[in-house]
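J.: The structure's right below; bear with me while I get my questions together.
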Amino acid sequence: MTEPTLYETLAAVLAKEFLNGEVGFTGLLTGKAAAMFGTAIPIVAMELARRTHAPDLTLLLAGCYHNPDFSQLEAMPDSEHDAVLRDLSTEAQTYDYPGQWALKRGDISFGFSSAVQVDTVGNINSVCIGPYDKPKVRLVGPILQPEHMTLFRREYIMMPHHDRRNFVEKVDFISGVGFPGGEAGRKSLGLAWGGPALVLTPKCVFDFDRVAGRIRVRSIHEGIGHDELRNATGFDLGDLSGVPTTPRPSDDELTIIRREIDPRRILFSPT
Amino acid sequence: MPSPSPKLQSLEEAAARVPDGTRLAFGGFAVYQKPMGFVRELVRQGRKNLTVVGSAQSYDVDLLAAGGCLSCVETSYVGLEKHGLARHYRRAVERGEVKVVDYPEMVSWDRFRASQEGLAFWPVPFLGGSDIVRYNPAIKPFACPMTGHPMHAVPAADVDVVVIHALAADERGNVVFPARRLLPQSNDVLMGRSCDTVIVTVEKLVSNAFIRKHSRLVELPSYKVSSVVELPYGAHPTPALGAYHADEKHYGEYVAASESAEATAAYLKKFVHLDGGNDAYLEAVGAAQLARLKDMDSLL
């Protein structure tokens with residue numbers, strides 16, 4: 001078995017988080033790194049969970065296409081709502097809102113967000129860099145982040161780049177709410193459930209001290225030194241001495257990913 | 001018996017329903033099925049100070065920004081998906097020329113649901129802690145009268161005009177949608193039911209007999225529609241489901257042109273500031289290119 005890639009490792013980390021019977025919602029992101037972290041890794045993770053411990057997991061591609069048959073695709077689609085997806089084989093197709101799922105009832109177990117900034121309490125930002133009224137950079141807008149971070153039962157933040165400008169003390173605009181004031185803080189804001197569970201980056205996996213409402217390093221990827229991680233992060237990471245290395249996928253997991261889920265390498269295409 | 005009144009109008013006549021300062025919505029969603037032919041006409045006529053309200057925007061808002069037609073956008077997303085940020089829009093916002101009011105994606109739909117139901121607001125239970133509330137005085141906090149749960153009242157979309165692009169309508173304004181529709185077309189239906197002035201551009205004008213044959217698919221009947229404009233390829237370069245795919249070649253040309261003022265002016269001269277209306281636009285794109293975009297849909 002050849003060495004696991006970073007993407008295979010992250011998919012295996014995520015797969016272990018999902019429970020049988022859950023509903024996972026992934027967008028269809030574009031652009032090499034964003035598509036890998038926002039779409040390909042989540043799909044492989046959900047397919048791996050379905051083939052191991054969670055056969056009743058429902059995968060929602062682009063939030064609409066229930067359990068698509070990826071074997072019918074010649075390449076990953078790069079548009080969310082066009083004729084290619086209309087014609088994709090699925091178990092159920094969402095074509096209206098309200099549709100099959102109801103966000104406010106908590107029908108979605110987990111989702112995946114990408115953002116330009118993440119801060120120490122797990123807030124995320126895709127709206128602007130700099131002051132809101134006269135931004136230095138105007139970004140795309142909040143999109144579905146507010147719903148992902150409050151109405152989904154939990155959220156995985158997928159960060160294709162790990163740099164000081166992405167991991168900041170405080171985001172310039174809160175488009176998705178993390179744990180300000182911890183879980184008690186979320187309750188006082190009227191948020192009954194949800195929030196970020198993990199943040200996955202090319203260098204590490206973060207989780208949260210949900211009482212204090214503070215991000216912390218859960219594991220560091222193989223080959224990444226403590227200094228490298230600190231230099232790439234815009235906030236204090238605290239004591240890293242007890243932090244483990246991100247676990248490798250097992251040979252069985254790698255075999256399932258390579259032979260069953262993605263034999264034609266349309267998700268984890270060779271770089 | 002007198003004949004029913006035709007709703008058929010020319011593109012120029014229909015665009016006159018959108019004067020300077022109009023608050024309007026465009027159907028479709030993100031980069032899918034945008035009424036681009038109508039947007040081009042607004043730019044050609046030099047419209048000013050428009051406010052666009054919607055769910056997710058792309059080439060529609062960006063082209064209005066390129067033409068200097070825009071003063072405000074209320075939506076959840078403005079971008080070109082795989083082609084990146086909407087450059088004209090981005091620059092206009094960063095220069096302070098266009099104001100943005102950000103709403104979450106499904107809340108953007110809910111604002112039209114409020115308008116459809118004749119309500120002034122939609123109740124939203126999940127905005128606590130979000131800067132969307134901090135920067136938007138039109139969103140009002142309130143306690144749920146039943147449970148006391150903290151909530152926010154989000155204002156209805158409340159637009160003056162809705163513009164959508166659909167596959168077909170008859171001249172009375174009965175608009176038909178494909179059975180195998182997706183979210184962008186459902187957004188068209190919602191928007192078309194949420195406003196008193198609804199302009200529908202269509203790929204093809206069809207007979208009343210065709211409409212009667214597909215009556216279950218007539219989601220917008222005549223009395224909901226103000227104007228019908230026959231506008232073949234009226235969503236181009238965005239796709240129209242059941243008719244044609246996105247024109248990726250044209251997207252590339254558009255994005256390249258948006259990098260400089262000179263290239264933008266050349267693009268607008270070639271594709272927008274045309275004397276011959278939509279026919280001249282289709283000539284400029286070219287028959288061979290348009291023919292390649294056909295969506296086969298299902299033959300069943």
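In the structure tokens, chains take letters A, B, ... by order of appearance, with residues numbered from 1 within each chain and ligands from 1 in the order shown.
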Do you know which residues are at most 10 Å from B:Arg111 counting only C-alpha atoms, after dropping those on the same chain fewer than 6 positions away, and could you put them as a list in words?
T.: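 Selected residues are Val53, Gly54, Ser55, Tyr103, Leu119, Ala120, Phe121, Trp122, Pro123, Val154, Pro155, Ala156, Ala157, Asp158, Met191 and Ser194 of chain B.
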J.: Please, could you write that set of residues out with N, CA and C atoms as a tab-separated table (two decimals), in the first residue's frame?
T.:
```tsv
chain	number	residue	atom	x	y	z
B	53	VAL	N	-32.77	43.09	-5.54
B	53	VAL	CA	-33.06	42.23	-4.40
B	53	VAL	C	-33.13	40.81	-4.94
B	54	GLY	N	-32.49	39.85	-4.26
B	54	GLY	CA	-32.53	38.49	-4.79
B	54	GLY	C	-32.04	37.47	-3.80
B	55	SER	N	-31.82	36.24	-4.31
B	55	SER	CA	-31.37	35.14	-3.47
B	55	SER	C	-29.88	34.89	-3.66
B	103	TYR	N	-27.91	39.13	3.32
B	103	TYR	CA	-28.90	38.25	3.95
B	103	TYR	C	-28.44	36.80	3.78
B	119	LEU	N	-47.15	39.44	3.70
B	119	LEU	CA	-46.68	39.77	5.05
B	119	LEU	C	-45.56	40.79	4.97
B	120	ALA	N	-45.42	41.60	6.03
B	120	ALA	CA	-44.38	42.63	6.05
B	120	ALA	C	-43.03	42.07	6.48
B	121	PHE	N	-43.04	40.90	7.13
B	121	PHE	CA	-41.76	40.33	7.58
B	121	PHE	C	-41.85	38.82	7.64
B	122	TRP	N	-40.68	38.18	7.78
B	122	TRP	CA	-40.60	36.73	7.99
B	122	TRP	C	-39.84	36.50	9.31
B	123	PRO	N	-40.34	35.62	10.18
B	123	PRO	CA	-39.65	35.39	11.46
B	123	PRO	C	-38.47	34.44	11.30
B	154	VAL	N	-37.36	39.77	9.67
B	154	VAL	CA	-36.62	40.17	8.48
B	154	VAL	C	-37.61	40.76	7.48
B	155	PRO	N	-37.31	41.96	6.94
B	155	PRO	CA	-38.30	42.60	6.07
B	155	PRO	C	-38.59	41.79	4.80
B	156	ALA	N	-39.84	41.82	4.36
B	156	ALA	CA	-40.22	41.19	3.10
B	156	ALA	C	-39.42	41.80	1.95
B	157	ALA	N	-39.28	41.04	0.85
B	157	ALA	CA	-38.50	41.52	-0.30
B	157	ALA	C	-39.13	42.80	-0.86
B	158	ASP	N	-40.45	42.81	-1.00
B	158	ASP	CA	-41.21	44.02	-1.32
B	158	ASP	C	-40.62	44.79	-2.52
B	191	MET	N	-40.68	34.07	-6.99
B	191	MET	CA	-40.59	35.52	-7.24
B	191	MET	C	-41.79	36.00	-8.06
B	194	SER	N	-44.75	36.86	-6.05
B	194	SER	CA	-44.53	37.73	-4.89
B	194	SER	C	-44.62	39.21	-5.23
```
J.: Residues of chain B within 7 Å of chain A: nearest atom pair and distance (Å, one decimal) for each, counting only C-alpha atoms, sorted by chain and number, as a Markdown table?
T.:
```
| residue | atom | partner | partner_atom | distance |
| --- | --- | --- | --- | --- |
| B:Tyr32 | CA | A:His81 | CA | 6.9 |
| B:Ser76 | CA | A:Ile143 | CA | 4.8 |
| B:Tyr77 | CA | A:Gly141 | CA | 4.7 |
| B:Val78 | CA | A:Val140 | CA | 5.1 |
| B:Gly79 | CA | A:Val140 | CA | 5.5 |
| B:Glu81 | CA | A:Thr30 | CA | 6.8 |
| B:Lys82 | CA | A:Thr30 | CA | 5.1 |
| B:Leu85 | CA | A:Val140 | CA | 6.7 |
| B:Arg90 | CA | A:Arg138 | CA | 5.6 |
| B:Val93 | CA | A:Arg138 | CA | 6.8 |
| B:Glu94 | CA | A:Pro135 | CA | 5.5 |
| B:Gly96 | CA | A:Lys134 | CA | 6.0 |
| B:Asp102 | CA | A:Gly141 | CA | 6.6 |
| B:Tyr103 | CA | A:Pro142 | CA | 7.0 |
| B:Pro104 | CA | A:Ile143 | CA | 5.6 |
| B:Glu105 | CA | A:Leu144 | CA | 5.0 |
| B:Phe126 | CA | A:Leu191 | CA | 6.2 |
| B:Gly128 | CA | A:Leu189 | CA | 4.7 |
| B:Gly129 | CA | A:Leu189 | CA | 6.2 |
| B:Ser130 | CA | A:Ile174 | CA | 5.5 |
| B:Asp131 | CA | A:Ile174 | CA | 5.0 |
| B:Ile132 | CA | A:Ser175 | CA | 6.8 |
| B:His149 | CA | A:Gly190 | CA | 6.7 |
| B:Pro150 | CA | A:Gly190 | CA | 5.7 |
| B:Arg181 | CA | A:Tyr95 | CA | 6.4 |
| B:Leu182 | CA | A:Tyr95 | CA | 4.2 |
| B:Leu183 | CA | A:Tyr95 | CA | 4.7 |
| B:Ser186 | CA | A:Asp96 | CA | 5.4 |
| B:Leu241 | CA | A:Ala83 | CA | 6.3 |
```
J.: Restricting it to N, CA and C atoms, dump the selection as a compact mmCIF listing (two decimals), in the first residue's frame.
T.:
```txt
# COMPACT_ATOMS: atom_id res chain seq x y z
N TYR B 32 -27.36 30.65 -12.76
CA TYR B 32 -28.30 29.83 -13.52
C TYR B 32 -29.56 30.61 -13.93
N SER B 76 -27.66 37.14 -0.88
CA SER B 76 -26.78 36.29 -0.06
C SER B 76 -25.43 36.04 -0.72
N TYR B 77 -25.35 36.26 -2.04
CA TYR B 77 -24.14 35.88 -2.77
C TYR B 77 -24.06 36.70 -4.05
N VAL B 78 -22.90 37.27 -4.31
CA VAL B 78 -22.63 37.81 -5.64
C VAL B 78 -21.27 37.27 -6.05
N GLY B 79 -21.27 36.39 -7.04
CA GLY B 79 -20.01 35.82 -7.50
C GLY B 79 -20.26 35.04 -8.77
N GLU B 81 -19.17 31.83 -9.30
CA GLU B 81 -18.87 30.43 -9.01
C GLU B 81 -17.47 30.09 -9.50
N LYS B 82 -17.32 29.18 -10.48
CA LYS B 82 -15.96 28.74 -10.82
C LYS B 82 -15.13 29.83 -11.47
N LEU B 85 -14.64 35.87 -8.19
CA LEU B 85 -15.42 37.02 -7.74
C LEU B 85 -15.99 37.76 -8.94
N ARG B 90 -17.41 43.87 -7.34
CA ARG B 90 -16.45 43.97 -6.24
C ARG B 90 -15.80 45.36 -6.20
N VAL B 93 -18.23 48.08 -5.04
CA VAL B 93 -18.48 48.05 -3.59
C VAL B 93 -17.27 48.62 -2.85
N GLU B 94 -16.08 48.21 -3.28
CA GLU B 94 -14.86 48.67 -2.59
C GLU B 94 -14.66 50.18 -2.77
N GLY B 96 -17.12 52.19 -2.75
CA GLY B 96 -18.22 52.82 -2.02
C GLY B 96 -19.37 53.25 -2.91
N ASP B 102 -26.45 42.34 3.27
CA ASP B 102 -26.27 40.89 3.23
C ASP B 102 -27.39 40.16 3.96
N TYR B 103 -27.91 39.13 3.32
CA TYR B 103 -28.90 38.25 3.95
C TYR B 103 -28.44 36.80 3.78
N PRO B 104 -28.77 35.93 4.75
CA PRO B 104 -28.47 34.50 4.55
C PRO B 104 -29.28 33.95 3.38
N GLU B 105 -28.79 32.83 2.81
CA GLU B 105 -29.36 32.33 1.55
C GLU B 105 -30.84 31.96 1.67
N PHE B 126 -32.56 32.24 13.97
CA PHE B 126 -31.16 31.79 14.09
C PHE B 126 -30.14 32.88 13.78
N GLY B 128 -29.04 35.30 15.96
CA GLY B 128 -28.29 35.80 17.13
C GLY B 128 -26.80 35.64 16.93
N GLY B 129 -26.03 36.69 17.23
CA GLY B 129 -24.58 36.62 17.15
C GLY B 129 -24.01 36.90 15.78
N SER B 130 -24.88 37.07 14.78
CA SER B 130 -24.40 37.28 13.41
C SER B 130 -24.26 38.78 13.12
N ASP B 131 -23.19 39.14 12.40
CA ASP B 131 -23.00 40.55 12.01
C ASP B 131 -24.02 40.98 10.96
N ILE B 132 -24.74 40.03 10.37
CA ILE B 132 -25.82 40.38 9.44
C ILE B 132 -26.84 41.27 10.15
N HIS B 149 -39.03 32.89 22.80
CA HIS B 149 -37.73 32.65 22.16
C HIS B 149 -37.27 33.90 21.41
N PRO B 150 -35.97 34.29 21.56
CA PRO B 150 -35.51 35.48 20.82
C PRO B 150 -35.46 35.21 19.31
N ARG B 181 -37.83 20.57 -13.27
CA ARG B 181 -37.16 21.82 -12.97
C ARG B 181 -36.26 21.67 -11.76
N LEU B 182 -35.42 22.68 -11.52
CA LEU B 182 -34.48 22.69 -10.39
C LEU B 182 -34.70 23.98 -9.59
N LEU B 183 -33.85 24.19 -8.59
CA LEU B 183 -34.04 25.35 -7.70
C LEU B 183 -34.15 26.69 -8.42
N SER B 186 -37.60 27.11 -9.61
CA SER B 186 -38.54 27.25 -8.49
C SER B 186 -38.44 28.65 -7.88
N LEU B 241 -32.61 25.95 -18.37
CA LEU B 241 -32.82 24.51 -18.21
C LEU B 241 -33.87 24.02 -19.21
```
J.: Stretch 222-226 of chain A: which residues within 9 Å, counting only C-alpha atoms, same-chain residues fewer than 2 positions away excluded, as a list in words?
T.: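 Contacts, with the query itself left out: Leu6, Lys203, Cys204, Ile220, Glu228, Leu229, Arg230, Asn231, Leu240, Ser241, Thr245, Thr246, Pro247 and Arg248 of chain A.
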J.: I want to know what sits within 9 Å of stretch 110-115 of chain A, based on only C-alpha atoms, with residues of the same chain fewer than 2 positions away left out; could you give that as a PyMOL selection string?
T.: chain A and resi 18+22-27+34+37-39+42+108+117-118+124-126+144-145+148-149+152-160+166+194
J.: What is the atom CA of B:Gly68-atom CA of B:Ala56 distance in Å, reported with one decimal?
T.: 19.9 Å
J.: Taking only C-alpha atoms into account, name the residue in B:Val229, B:Ala66, B:Ala153, B:Val218 that is nearest to B:Pro35.
T.: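 That would be B:Val229, the residue with the smallest distance to B:Pro35.
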J.: Do you know which residues are at most 9 Å from A:Val211 counting only C-alpha atoms, after dropping those on the same chain fewer than 4 positions away, and could you put them as a list in words?
T.: Phe179, Gly181, Gly182, Glu183 and Ala184 of chain A
J.: Can you pull out every residue from stretch 72-268 of chain A that DSSP, working from the backbone, puts in strand (DSSP E), and format the result as JSON, numbers by chain?
T.: {"A": [92, 93, 110, 111, 112, 113, 117, 118, 124, 125, 128, 129, 137, 138, 154, 155, 156, 157, 158, 196, 197, 198, 199, 200, 204, 205, 206, 207, 208, 209, 214, 215, 216, 217, 218, 219, 220]}
J.: Got a sec: who's within 10 Å of B:Thr264, counting only C-alpha atoms, leaving out chain neighbours fewer than 4 positions off, as number ranges by chain?
T.: B: 63, 66-67, 88, 254-260, 268-270
J.: Please save N, CA and C atoms of the selected residues as a PDB file, in the first residue's frame.
T.:
```pdb
ATOM      1  N   LEU B  63     -22.976  42.819 -14.457  1.00  0.00           N
ATOM      2  CA  LEU B  63     -23.124  43.611 -15.689  1.00  0.00           C
ATOM      3  C   LEU B  63     -23.749  44.977 -15.380  1.00  0.00           C
ATOM      4  N   ALA B  66     -21.032  47.034 -14.123  1.00  0.00           N
ATOM      5  CA  ALA B  66     -20.157  47.469 -15.225  1.00  0.00           C
ATOM      6  C   ALA B  66     -20.765  48.662 -15.947  1.00  0.00           C
ATOM      7  N   GLY B  67     -22.107  48.682 -16.057  1.00  0.00           N
ATOM      8  CA  GLY B  67     -22.785  49.767 -16.762  1.00  0.00           C
ATOM      9  C   GLY B  67     -23.079  50.973 -15.893  1.00  0.00           C
ATOM     10  N   HIS B  88     -16.565  43.562 -11.523  1.00  0.00           N
ATOM     11  CA  HIS B  88     -17.151  44.915 -11.596  1.00  0.00           C
ATOM     12  C   HIS B  88     -17.864  45.258 -10.301  1.00  0.00           C
ATOM     13  N   TYR B 254     -16.069  37.218 -21.022  1.00  0.00           N
ATOM     14  CA  TYR B 254     -16.604  38.227 -20.100  1.00  0.00           C
ATOM     15  C   TYR B 254     -15.617  38.510 -18.969  1.00  0.00           C
ATOM     16  N   VAL B 255     -15.111  37.434 -18.372  1.00  0.00           N
ATOM     17  CA  VAL B 255     -14.215  37.592 -17.225  1.00  0.00           C
ATOM     18  C   VAL B 255     -12.921  38.280 -17.653  1.00  0.00           C
ATOM     19  N   ALA B 256     -12.382  37.886 -18.810  1.00  0.00           N
ATOM     20  CA  ALA B 256     -11.162  38.535 -19.300  1.00  0.00           C
ATOM     21  C   ALA B 256     -11.409  40.030 -19.515  1.00  0.00           C
ATOM     22  N   ALA B 257     -12.596  40.360 -20.048  1.00  0.00           N
ATOM     23  CA  ALA B 257     -12.905  41.765 -20.321  1.00  0.00           C
ATOM     24  C   ALA B 257     -13.073  42.566 -19.034  1.00  0.00           C
ATOM     25  N   SER B 258     -13.431  41.893 -17.937  1.00  0.00           N
ATOM     26  CA  SER B 258     -13.696  42.634 -16.701  1.00  0.00           C
ATOM     27  C   SER B 258     -12.421  43.026 -15.970  1.00  0.00           C
ATOM     28  N   GLU B 259     -11.256  42.667 -16.530  1.00  0.00           N
ATOM     29  CA  GLU B 259     -10.003  42.997 -15.861  1.00  0.00           C
ATOM     30  C   GLU B 259      -9.555  44.447 -16.097  1.00  0.00           C
ATOM     31  N   SER B 260     -10.044  45.101 -17.153  1.00  0.00           N
ATOM     32  CA  SER B 260      -9.617  46.488 -17.389  1.00  0.00           C
ATOM     33  C   SER B 260     -10.775  47.313 -17.942  1.00  0.00           C
ATOM     34  N   LEU B 268     -18.754  45.856 -23.816  1.00  0.00           N
ATOM     35  CA  LEU B 268     -20.086  46.486 -23.819  1.00  0.00           C
ATOM     36  C   LEU B 268     -20.452  46.952 -25.230  1.00  0.00           C
ATOM     37  N   LYS B 269     -19.465  47.455 -25.964  1.00  0.00           N
ATOM     38  CA  LYS B 269     -19.725  47.905 -27.341  1.00  0.00           C
ATOM     39  C   LYS B 269     -20.126  46.725 -28.214  1.00  0.00           C
ATOM     40  N   LYS B 270     -19.442  45.587 -28.024  1.00  0.00           N
ATOM     41  CA  LYS B 270     -19.672  44.428 -28.882  1.00  0.00           C
ATOM     42  C   LYS B 270     -20.970  43.702 -28.556  1.00  0.00           C
TER      43      LYS B 270
END
```
J.: Excluding A:Arg216 and residues on its chain fewer than 3 positions from it, collect all residues at most 8 Å away from it, counting only C-alpha atoms, and give them as JSON, numbers by chain.
T.: {"A": [206, 207, 208, 209, 237]}
J.: Calculated over only C-alpha atoms, which of the candidates A:Ser71, A:Ser250, A:Thr5, A:Asn20 has the smallest distance to A:Ala54?
T.: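 Using only C-alpha atoms, A:Ala54 sits closest to A:Asn20.
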